[in-house]
Amino acid sequence: MLFDFLQKKGSGVELAELIVELGRGVEEISRSIIRADEKKLGTINPSGEEQIAMDVEANDILVRYVKTNPYVASYGSEELDELQKGDDPKGIFSVFFDPLDGSSLFDVNFSVGTIVGIYKGQDVIGRTPRDQVAALYALYGPRTTMVVSMGQGVQEFLLTKEGWEPQVEIATVEDGKKYFAPGNLRATQEREDYLNLVIQYMKEQYTLRYSGGMVPDVNHILKKGSGVFLYPGMPSAPQGKLRLLYECGPMAYLVEQAGGASSDGKQSILDVKISDYHQRTPVFLGSLSEVKRATAALQN
Ligand code: F6P
């Protein structure tokens with residue numbers, strides 16, 4: 001089902017097979033999550049965040065699918081220090097993933113996700129997320145869905161008993177309902193401009209849609225077709241928290257493919273130069289005018 005759909009959308013066989021394989025990984029993670037406890041491991045990931053058992057399990061599952069895939073030259077994960085080599089020396093893609101985004105919400109049973117960006121070639125240092133040839137995220141909510149783009153629009157799939165079933169194509173992200181997802185609200189204590197922007201949203205009666213998980217929060221924008229997600233930096237953490245390669249790059253690719261915009265405050269996230277596998281960036285995602293507004297308001 002998934003393979004045929006991707007093929008019809010014009011992907012090459014290699015990319016379609018890789019996405020199908022990632023879909024199998026996501027399916028396995030989805031099955032594990034339902035029964036997983038909230039155990040913390042007492043270990044930290046390369047970004048200094050505490051790992052739960054499911055972080056490691058989700059990572060191990062994806063690594064198993066990606067490492068052995070004949071088209072994968074290399075892969076990187078938010079849970080791994082270094083870039084890793086795929087098993088097949090003839091691999092043509094590099095794959096970067098956050099296996100379990102939002103895992104700090106796992107104990108309270110909020111929705112979590114998996115985020116993946118795919119590039120051609122062995123490495124991405126010195127390049128930008130605009131070089132992605134595909135990106136996807138999976139959302140483990142009451143249902144498991146996967147949202148995929150290969151550079152020609154954005155498509156949602158639903159995990160059913162029969163496999164990944166295509167849903168309606170994600171419509172254009174544009175100005176419509178006023179939704180806002182203000183991440184890192186703590187920054188309002190260090191930045192008056194952010195405080196003012198949030199107050200302005202409230203005065204204009206924007207509806208708050210914020211779960212604390214980037215995947216459900218961005219999925220809300222894509223599915224409703226409007227809104228804005230913000231995770232700005234602040235003087236004590238100028239680059240914010242979210243990672244360019246594993247989180248912001250793939251999400252920006254999907255939002256821009258759906259007709260929306262992305263920014264790090266100066267330029268599209270897709271134009272930010274990748275200099276480190278675990279580099280962080282401020283991020284604004286949403287409709288064109290919402291991202292423009294946030295960028296203008298948060299210039300300093
Ligand atoms: O990077 C993980 C993540 O949970 C994102 O999904 C989310 O947007 C963000 O962190 C929330 O961060 P904070 O811990 O600052 O609320």
# chains A, B, ... in the order shown; residues from 1 in each chain; ligands from 1
call {"tool": "residues_around", "arguments": {"residues": "Tyr140 of chain A", "least_positions_apart": "6", "cutoff": "10 Å", "atoms": "only C-alpha atoms", "output": "PyMOL selection string"}}
result
chain A and resi 26-27+29-31+33-34+100+110-114+146+215-216
call {"tool": "residues_around", "arguments": {"residues": "Ser262 of chain A", "least_positions_apart": "2", "cutoff": "9 Å", "atoms": "only C-alpha atoms", "output": "VMD selection string"}}
result
chain A and resid 248 251 to 253 255 to 256 260 264 to 265 267 to 270 283 to 288 291
call {"tool": "write_last_selection", "arguments": {"atoms": "C-alpha atoms", "output": "JSON list (two decimals), in the first residue's frame"}}
result
[["chain", "number", "residue", "atom", "x", "y", "z"],
["A", 248, "CYS", "CA", 13.62, 21.34, 13.16],
["A", 251, "MET", "CA", 9.58, 19.55, 10.48],
["A", 252, "ALA", "CA", 10.46, 22.69, 8.48],
["A", 253, "TYR", "CA", 10.64, 20.60, 5.29],
["A", 255, "VAL", "CA", 5.62, 22.58, 6.88],
["A", 256, "GLU", "CA", 7.16, 24.34, 3.85],
["A", 260, "GLY", "CA", 3.76, 27.13, 5.23],
["A", 264, "ASP", "CA", 15.26, 30.53, 12.85],
["A", 265, "GLY", "CA", 14.61, 34.27, 13.26],
["A", 267, "GLN", "CA", 16.23, 32.75, 7.51],
["A", 268, "SER", "CA", 14.28, 29.64, 6.63],
["A", 269, "ILE", "CA", 15.29, 26.68, 8.80],
["A", 270, "LEU", "CA", 15.96, 24.94, 5.47],
["A", 283, "VAL", "CA", 12.49, 27.75, 15.39],
["A", 284, "PHE", "CA", 9.20, 29.26, 14.22],
["A", 285, "LEU", "CA", 6.87, 27.15, 12.07],
["A", 286, "GLY", "CA", 3.43, 27.85, 10.62],
["A", 287, "SER", "CA", 1.62, 29.85, 7.99],
["A", 288, "LEU", "CA", 3.60, 32.39, 6.00],
["A", 291, "VAL", "CA", 6.05, 33.12, 10.77]]
call {"tool": "residues_near_ligand", "arguments": {"ligand": "ligand 1", "cutoff": "9 Å", "atoms": "only C-alpha atoms and all ligand atoms", "output": "PyMOL selection string"}}
result
chain A and resi 98+100-105+112-113+183-186+210-218+229-231+240-243+247
call {"tool": "write_last_selection", "arguments": {"atoms": "N, CA and C atoms", "output": "CSV table (one decimal), in the first residue's frame"}}
result
chain,number,residue,atom,x,y,z
A,98,ASP,N,15.1,11.5,15.3
A,98,ASP,CA,14.8,11.6,16.7
A,98,ASP,C,13.8,10.4,17.0
A,100,LEU,N,12.3,9.1,19.6
A,100,LEU,CA,11.1,9.3,20.5
A,100,LEU,C,11.1,10.7,20.9
A,101,ASP,N,10.6,11.6,20.1
A,101,ASP,CA,10.5,13.0,20.4
A,101,ASP,C,9.4,13.2,21.5
A,102,GLY,N,9.8,14.1,22.5
A,102,GLY,CA,8.8,14.4,23.5
A,102,GLY,C,8.8,13.3,24.6
A,103,SER,N,9.9,12.6,24.8
A,103,SER,CA,9.9,11.5,25.8
A,103,SER,C,9.7,12.0,27.2
A,104,SER,N,10.0,13.3,27.5
A,104,SER,CA,9.7,13.8,28.9
A,104,SER,C,8.2,13.8,29.2
A,105,LEU,N,7.4,13.6,28.1
A,105,LEU,CA,5.9,13.5,28.3
A,105,LEU,C,5.4,12.1,28.4
A,112,VAL,N,3.6,11.2,21.8
A,112,VAL,CA,5.0,11.4,21.4
A,112,VAL,C,5.2,11.1,20.0
A,113,GLY,N,6.4,11.3,19.4
A,113,GLY,CA,6.5,11.0,18.0
A,113,GLY,C,7.9,10.6,17.6
A,183,GLY,N,6.2,27.6,22.6
A,183,GLY,CA,7.2,26.8,23.3
A,183,GLY,C,8.1,27.7,24.1
A,184,ASN,N,8.8,27.1,25.0
A,184,ASN,CA,9.8,27.9,25.8
A,184,ASN,C,9.2,29.2,26.4
A,185,LEU,N,8.1,29.1,27.0
A,185,LEU,CA,7.4,30.3,27.6
A,185,LEU,C,8.3,30.9,28.7
A,186,ARG,N,9.2,30.1,29.3
A,186,ARG,CA,10.1,30.6,30.3
A,186,ARG,C,10.9,31.7,29.8
A,210,TYR,N,-1.1,23.7,22.7
A,210,TYR,CA,0.2,23.4,23.0
A,210,TYR,C,0.3,22.2,23.9
A,211,SER,N,0.9,21.1,23.5
A,211,SER,CA,1.0,19.9,24.3
A,211,SER,C,2.3,19.7,24.9
A,212,GLY,N,3.4,20.4,24.4
A,212,GLY,CA,4.7,20.2,24.9
A,212,GLY,C,5.5,19.2,24.1
A,213,GLY,N,4.8,18.6,23.1
A,213,GLY,CA,5.5,17.7,22.2
A,213,GLY,C,5.5,18.3,20.8
A,214,MET,N,6.7,18.4,20.2
A,214,MET,CA,6.8,19.1,18.9
A,214,MET,C,6.0,18.4,17.8
A,215,VAL,N,6.0,17.1,17.9
A,215,VAL,CA,5.2,16.3,16.8
A,215,VAL,C,3.7,16.6,16.9
A,216,PRO,N,3.1,16.4,18.0
A,216,PRO,CA,1.6,16.7,18.1
A,216,PRO,C,1.4,18.2,17.8
A,217,ASP,N,2.3,19.1,18.3
A,217,ASP,CA,2.0,20.5,18.2
A,217,ASP,C,2.1,20.9,16.7
A,218,VAL,N,3.1,20.4,16.0
A,218,VAL,CA,3.2,20.7,14.5
A,218,VAL,C,2.1,20.0,13.7
A,229,PHE,N,3.9,27.6,15.6
A,229,PHE,CA,4.6,26.9,16.7
A,229,PHE,C,5.9,27.7,16.9
A,230,LEU,N,6.2,28.1,18.1
A,230,LEU,CA,7.4,28.9,18.4
A,230,LEU,C,8.3,28.2,19.5
A,231,TYR,N,9.6,28.1,19.2
A,231,TYR,CA,10.5,27.7,20.3
A,231,TYR,C,11.7,28.6,20.2
A,240,GLY,N,18.1,28.1,21.9
A,240,GLY,CA,16.9,27.4,22.3
A,240,GLY,C,17.3,25.9,22.7
A,241,LYS,N,16.4,25.0,22.3
A,241,LYS,CA,16.6,23.6,22.7
A,241,LYS,C,16.5,22.6,21.5
A,242,LEU,N,15.7,22.9,20.6
A,242,LEU,CA,15.4,21.9,19.6
A,242,LEU,C,16.5,21.7,18.6
A,243,ARG,N,16.7,20.5,18.1
A,243,ARG,CA,17.9,20.2,17.3
A,243,ARG,C,17.6,20.4,15.8
A,247,GLU,N,15.1,17.4,14.5
A,247,GLU,CA,13.7,17.9,14.8
A,247,GLU,C,13.3,19.0,13.8
call {"tool": "select_by_dssp", "arguments": {"residues": "segment 249-299 of chain A", "states": "strand (DSSP E)", "output": "list in words"}}
result
Ala261, Ser262, Ser263, Val283, Phe284, Leu285 and Gly286 of chain A
call {"tool": "write_last_selection", "arguments": {"atoms": "all heavy atoms", "output": "PDB file, in the first residue's frame"}}
result
ATOM      1  N   ALA A 261       5.656  28.160   6.315  1.00  0.00           N
ATOM      2  CA  ALA A 261       7.004  28.733   6.366  1.00  0.00           C
ATOM      3  C   ALA A 261       7.712  28.290   7.635  1.00  0.00           C
ATOM      4  O   ALA A 261       7.081  27.806   8.586  1.00  0.00           O
ATOM      5  CB  ALA A 261       6.897  30.256   6.345  1.00  0.00           C
ATOM      6  N   SER A 262       9.044  28.474   7.615  1.00  0.00           N
ATOM      7  CA  SER A 262       9.844  28.180   8.801  1.00  0.00           C
ATOM      8  C   SER A 262      10.894  29.265   8.939  1.00  0.00           C
ATOM      9  O   SER A 262      11.277  29.893   7.945  1.00  0.00           O
ATOM     10  CB  SER A 262      10.538  26.818   8.651  1.00  0.00           C
ATOM     11  OG  SER A 262      11.618  26.915   7.743  1.00  0.00           O
ATOM     12  N   SER A 263      11.353  29.490  10.166  1.00  0.00           N
ATOM     13  CA  SER A 263      12.419  30.479  10.354  1.00  0.00           C
ATOM     14  C   SER A 263      13.196  30.175  11.628  1.00  0.00           C
ATOM     15  O   SER A 263      12.650  29.601  12.580  1.00  0.00           O
ATOM     16  CB  SER A 263      11.799  31.882  10.453  1.00  0.00           C
ATOM     17  OG  SER A 263      12.802  32.832  10.719  1.00  0.00           O
ATOM     18  N   VAL A 283      13.329  28.165  16.531  1.00  0.00           N
ATOM     19  CA  VAL A 283      12.485  27.751  15.394  1.00  0.00           C
ATOM     20  C   VAL A 283      11.082  28.340  15.498  1.00  0.00           C
ATOM     21  O   VAL A 283      10.496  28.381  16.571  1.00  0.00           O
ATOM     22  CB  VAL A 283      12.444  26.198  15.287  1.00  0.00           C
ATOM     23  CG1 VAL A 283      11.867  25.541  16.528  1.00  0.00           C
ATOM     24  CG2 VAL A 283      11.661  25.746  14.065  1.00  0.00           C
ATOM     25  N   PHE A 284      10.594  28.831  14.365  1.00  0.00           N
ATOM     26  CA  PHE A 284       9.199  29.258  14.218  1.00  0.00           C
ATOM     27  C   PHE A 284       8.651  28.524  13.006  1.00  0.00           C
ATOM     28  O   PHE A 284       9.266  28.530  11.937  1.00  0.00           O
ATOM     29  CB  PHE A 284       9.074  30.773  13.969  1.00  0.00           C
ATOM     30  CG  PHE A 284       9.944  31.640  14.848  1.00  0.00           C
ATOM     31  CD1 PHE A 284      10.589  32.760  14.330  1.00  0.00           C
ATOM     32  CD2 PHE A 284      10.112  31.341  16.199  1.00  0.00           C
ATOM     33  CE1 PHE A 284      11.391  33.560  15.142  1.00  0.00           C
ATOM     34  CE2 PHE A 284      10.909  32.134  17.010  1.00  0.00           C
ATOM     35  CZ  PHE A 284      11.554  33.245  16.482  1.00  0.00           C
ATOM     36  N   LEU A 285       7.490  27.907  13.162  1.00  0.00           N
ATOM     37  CA  LEU A 285       6.870  27.149  12.067  1.00  0.00           C
ATOM     38  C   LEU A 285       5.397  27.513  11.980  1.00  0.00           C
ATOM     39  O   LEU A 285       4.740  27.711  13.003  1.00  0.00           O
ATOM     40  CB  LEU A 285       6.957  25.643  12.353  1.00  0.00           C
ATOM     41  CG  LEU A 285       8.334  24.999  12.487  1.00  0.00           C
ATOM     42  CD1 LEU A 285       8.195  23.576  13.034  1.00  0.00           C
ATOM     43  CD2 LEU A 285       9.054  24.970  11.149  1.00  0.00           C
ATOM     44  N   GLY A 286       4.865  27.585  10.757  1.00  0.00           N
ATOM     45  CA  GLY A 286       3.433  27.848  10.624  1.00  0.00           C
ATOM     46  C   GLY A 286       3.106  28.475   9.294  1.00  0.00           C
ATOM     47  O   GLY A 286       3.864  28.324   8.321  1.00  0.00           O
TER      48      GLY A 286
END
call {"tool": "closest_residue", "arguments": {"among": "A:Ile52, A:Pro46, A:Leu158, A:Asn109", "to": "Met1 of chain A", "atoms": "only C-alpha atoms"}}
result
A:Leu158
